[in-house]
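Engineer: I'd like to ask you about the structure that follows.
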There are 2 protein chains.
Amino acid sequence: MNYATITETDMEALRAIVGEENASFSIEERLCYAYDATNRDYMPDGVLFPATAAEISEVFKLANARPFPVIARGAGSGFTGGSVPVDGGVVLSTERMNRIIEIDTENMTALVEPGVVNGDLQTAVEAEGLFYPPDPSSLKFSTIGGNIAECAGGPRAVKYGVTRDYVLGLEVVLPTGEIIQTGVKTMKGVVGYDLTRLIVGSEGTLGVVTRATLKLVALPETVKTMLAVFPSLYAAASSVNDILLSSPLPSTLEIIDGACIRAIRDFSGGKALPEAEALLLIEVDGTDETVLSGTETVRRICVEGGATEVRIAAGKREARELWQARRAISPSLKKIKPDKLNEDVVVPRSNIPALIEGIQDIAKERGVIIASFGHAGDGNIHVNIMIDSSDPDEDKRGQEAVRDVFELTLKLGGTISGEHGVGTAKAPYLGMELSADVIALMRRVKESFDPNGILNPGKIFCSAPIEG
Amino acid sequence: MNYATITETDMEALRAIVGEENASFSIEERLCYAYDATNRDYMPDGVLFPATAAEISEVFKLANARPFPVIARGAGSGFTGGSVPVDGGVVLSTERMNRIIEIDTENMTALVEPGVVNGDLQTAVEAEGLFYPPDPSSLKFSTIGGNIAECAGGPRAVKYGVTRDYVLGLEVVLPTGEIIQTGVKTMKGVVGYDLTRLIVGSEGTLGVVTRATLKLVALPETVKTMLAVFPSLYAAASSVNDILLSSPLPSTLEIIDGACIRAIRDFSGGKALPEAEALLLIEVDGTDETVLSGTETVRRICVEGGATEVRIAAGKREARELWQARRAISPSLKKIKPDKLNEDVVVPRSNIPALIEGIQDIAKERGVIIASFGHAGDGNIHVNIMIDSSDPDEDKRGQEAVRDVFELTLKLGGTISGEHGVGTAKAPYLGMELSADVIALMRRVKESFDPNGILNPGKIFCSAPIEG
């Protein structure tokens with residue numbers, strides 16, 4: 001696609017749409033909107049801070065006429081390049097669209113703008129005795145708009161599902177400029193095609209969400225956090241399945257492997273966690289009595305599965321300490337190697353042990369360190385291939401390991417992304433998972449939304465695919 | 001759209017694809033596939049009983065070349081004409097594709113063909129200690145393929161969600177002939193657009209589902225059924241909200257109004273139900289202790305809300321008797337008037353009392369009997385406008401009442417269909433709920449799947465819309 005260069009006339013027109021103070025074309029500001037968590041930068045030609053759907057619609061009208069790319073952006077915390085302007089163009093930051101418009105306690109819904117930070121929404125609804133379950137690790141800064149674009153998950157997905165399961169309806173500005181309402185404000189609705197869930201997880205390529213009606217649930221009475229220490233990763237992974245077949249379903253069920261544990265221990269001077277080959281971090285929520293019996297069931301299963309220790313957090317402070325260890329994984333891994341290739345594969349849960357074993361084999365074969373942790377409860381493992389990318393040989397071996405991990409995942413009946421999306425990072429691998437016919441159909445769907453290809457180009461689909 | 005007439009040559013070609021014995025062009029057999037539960041018949045030109053996706057693909061190739069319509073059909077139990085061949089063409093009955101291919105107890109999934117009857121799947125998975133929650137009232141005969149096409153709900157949706165929430169992945173034959181796999185076998189997956197959920201609820205207009213991977217959950221330990229008797233519909237509707245704000249969430253929460261109760265009493269000679277203006281039929285499921293405390297909470301709320309009696313079924317037999325009354329509604333209503341205009345509107349739950357009151361006003365104003373019952377727990381009320389359609393004036397007043405009910409529903413923030421879909425029955429009203437821009441986008445999506453418009457034409461979209 002050949003896009004037009006943004007001219008002075010374009011800049012004037014864009015300033016007129018969003019207001020002088022809400023449009024920036026300075027190199028300093030553009031730099032701040034050039035990256036995401038993949039650390040690959042692409043400079044936009046301008047950054048706009050619109051306040052309304054109508055303004056975004058006007059931007060699209062201009063963008064189509066020229067044409068130039070438009071990329072919506074929340075916090076830029078994505079792991080696959082979803083919000084990065086790979087072909088330049090104008091970034092629409094949703095920073096100013098950050099109002100929680102309504103929390104409807106009777107109907108258990110929230111109406112929010114896309115720039116609302118996930119954690120802020122959680123705090124606000126919990127104050128009303130309600131609960132918004134999706135909890136990506138980025139929840140303190142990532143936005144609902146970005147969460148919707150990527151269909152964000154998080155530890156609680158094992159019991160509560162992902163973002164998709166909490167989006168009832170949307171206001172969306174189409175790349176052709178129309179402002180549409182999709183879905184409903186009700187618990188059910190089947191009138192016409194399910195555009196709401198087509199847009200959820202579409203990585204900002206089909207439209208810009210300007211309002212979302214979210215489903216809330218009742219805040220659980222109690223949550224209990226526990227940590228089980230295992231002598232082998234395989235024993236921990238096997239216990240995951242036994243826990244999932246028991247009742248009640250835990251609200252989180254996270255696994256942390258030996259490489260991660262050692263990194264965290266080094267980082268914290270050995271204080272945060274015991275030495276072990278694997279840990280399970282488990283939460284059970286519900287009524288007091290459910291949690292009491294559920295915690296005991298999980299403890300018993302872990303001990304029977306070979307756990308050498310099971311700590312049950314006595315109170316909130318201890319629970320927070322256990323979670324701190326989990327959250328310390330990412331920064332700690334940086335101690336191992338400066339760069340990480342961060343994948344989020346998923347396999348059917350019964351194949352977690354086979355995935356874990358296979359990944360250890362790949363690490364040996366390719367001569368790289370792979371640290372794995374993640375949402376074992378739904379089979380979604382974060383596989384971190386640790387490399388120094390300034391070493392060309394190690395970089396090459398790292399990339400080969402990525403491909404090996406994807407091949408293994410697909411062989412085990414899995415998918416190459418559970419919650420991070422495709423973006424630019426996984427676009428070359430799309431053909432390993434999806435058939436050419438499926439990709440062609442998805443491209444036709446994209447065209448039916450965005451005939452001029454102006455919205456977030458270069459994502460999901462790739463001109464240089466790696467064949468599966 | 002102008003379609004070709006099915007010729008002798010076409011019949012020969014179709015016989016060659018599915019086998020002589022699996023193609024029928026006799027008038028007797030075609031008649032059996034001309035109807036659904038809307039009682040409006042349209043004769044197909046032929047009926048095929050394919051066994052594989054490959055056969056269906058071949059049928060599509062021929063259909064595109066000619067072109068002629070193709071309509072997939074499960075049990076024909078839909079309420080909106082979804083499987084009726086309004087433009088003629090060939091019906092693909094999924095009767096022979098009725099295998100439960102796999103029940104994976106470890107990963108809690110089932111792989112099924114589209115012709116599997118919902119109730120048969122439920123029985124099969126329950127034998128393994130698992131649970132497939134979607135339970136449309138037609139579950140004894142409706143098929144999973146039809147359930148997916150319509151995104152079927154049912155009483156248990158209030159706690160467990162609808163069909164959409166249990167479909168992980170699909171094998172689909174596109175109207176252009178490609179056989180594709182969508183979605184995943186895992187609990188998460190975000191690679192590419194969510195074609196799976198786009199196809200769920202698309203009323204058989206985007207592709208023919210030939211296999212579905214379904215999510216199962218653990219079978220609840222216990223279920224307790226209870227019936228609460230109220231002196232007014234308003235009191236019952238108000239109690240619904242109070243119950244929903246309590247914990248745990250009931251697994252079903254059905255409301256039955258006075259008109260339905262009187263019809264059931266007449267039908268059964270007064271034995272089935274007590275005289276009342278409204279009933280709530282409630283189930284609580286979970287562990288023994290959850291159910292014990294949950295039942296008590298619900299009982300207390302109902303009594304505080306004015307219930308004159310709360311029966312808690314002592315055992316399975318008594319529970320079955322209470323449900324028999326609920327299932328007797330539809331046949332009983334026939335005693336009131338020969339024809340019913342059966343709508344399934346949804347409103348935000350807090351607006352159920354306003355909906356109920358408004359419907360009573362409409363009934364008075366239009367001079368028709370309206371009997372309401374349904375899934376109060378998710379705001380999904382089945383509104384039955386009872387008429388004798390051979391009386392032109394009553395028929396007209398009935399149609400006017402339908403429009404009034406839709407207007408009221410939309411004014412209350414609702415949707416005109418919670419689980420029945422649009423089909424042909426609600427197509428004229430689509431523009432009351434969806435904007436012209438949304439409808440145009442949906443049509444473009446349809447074209448991206450079905451450029452020649454051969455798959456299930458005449459559904460959802462309408463050439464003679466009633467403006468909203």
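Letters A, B, ... mark the chains of the structure tokens in the order given; residue numbers begin at 1 per chain; ligand numbers begin at 1, in order shown.
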Got a sec: who's within 6 Å of Val112 in chain A, counting only C-alpha atoms, leaving out chain neighbours fewer than 5 positions off, as a list in words?

Structural biologist: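 Using only C-alpha atoms, the neighbours found are Ile100, Ile101, Arg211 and Ala212 of chain A.
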
Engineer: Just the helix (DSSP H, G or I) stuff from range 159-388 of chain B, please, per backbone DSSP, written as a PyMOL selection string.

Structural biologist: chain B and resi 159-160+163-166+195-199+233-245+258-268+288-304+316-327+329-333+349-366+376-378

Engineer: Within 10 Å of Gly81 in chain A, counting only C-alpha atoms, which residues qualify if same-chain residues fewer than 4 places away don't, as a list in words?

Structural biologist: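 My list of contacting residues is Tyr35, Asp36, Ala37, Thr38, Asn39, Arg40, Asp41, Tyr42, Gly76, Ser77, Pro85, Val86, Glu203, His420, Gly421, Val422, Gly423, Thr424, Ala425, Lys426, Gly458, Lys459 and Ile460 of chain A.
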
Engineer: Which residues of chain B are close to chain A, meaning at most 7 Å apart when you count only C-alpha atoms, and how do they look as a ChimeraX atom specification?

Structural biologist: /B:106-107,178,180,184-194,197-198,201-202,346-350,378,413-415,417-419,421-422,437-438,442,444-445,448,460

Engineer: What's around Tyr234 in chain A at 9 Å? Count only C-alpha atoms, leave out sequence neighbours fewer than 5 positions away in its own chain, and write the answer as a ChimeraX atom specification.

Structural biologist: /A:239,278,352-354,356-357

Engineer: Pick from B:Tyr166, B:Tyr33, B:Phe406, B:Phe131: nearest to Gly74 in chain B, with only C-alpha atoms counted?

Structural biologist: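 Smallest distance to Gly74 in chain B is found for B:Tyr33.
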
Engineer: If DSSP is run on the backbone, what residues of range 118-316 of chain B are strand (DSSP E or B)? A reply as a VMD selection string would be ideal.

Structural biologist: chain B and resid 130 to 131 143 167 to 173 179 to 183 208 to 215 217 to 218 222 to 230 252 to 257 278 to 286 309 to 312
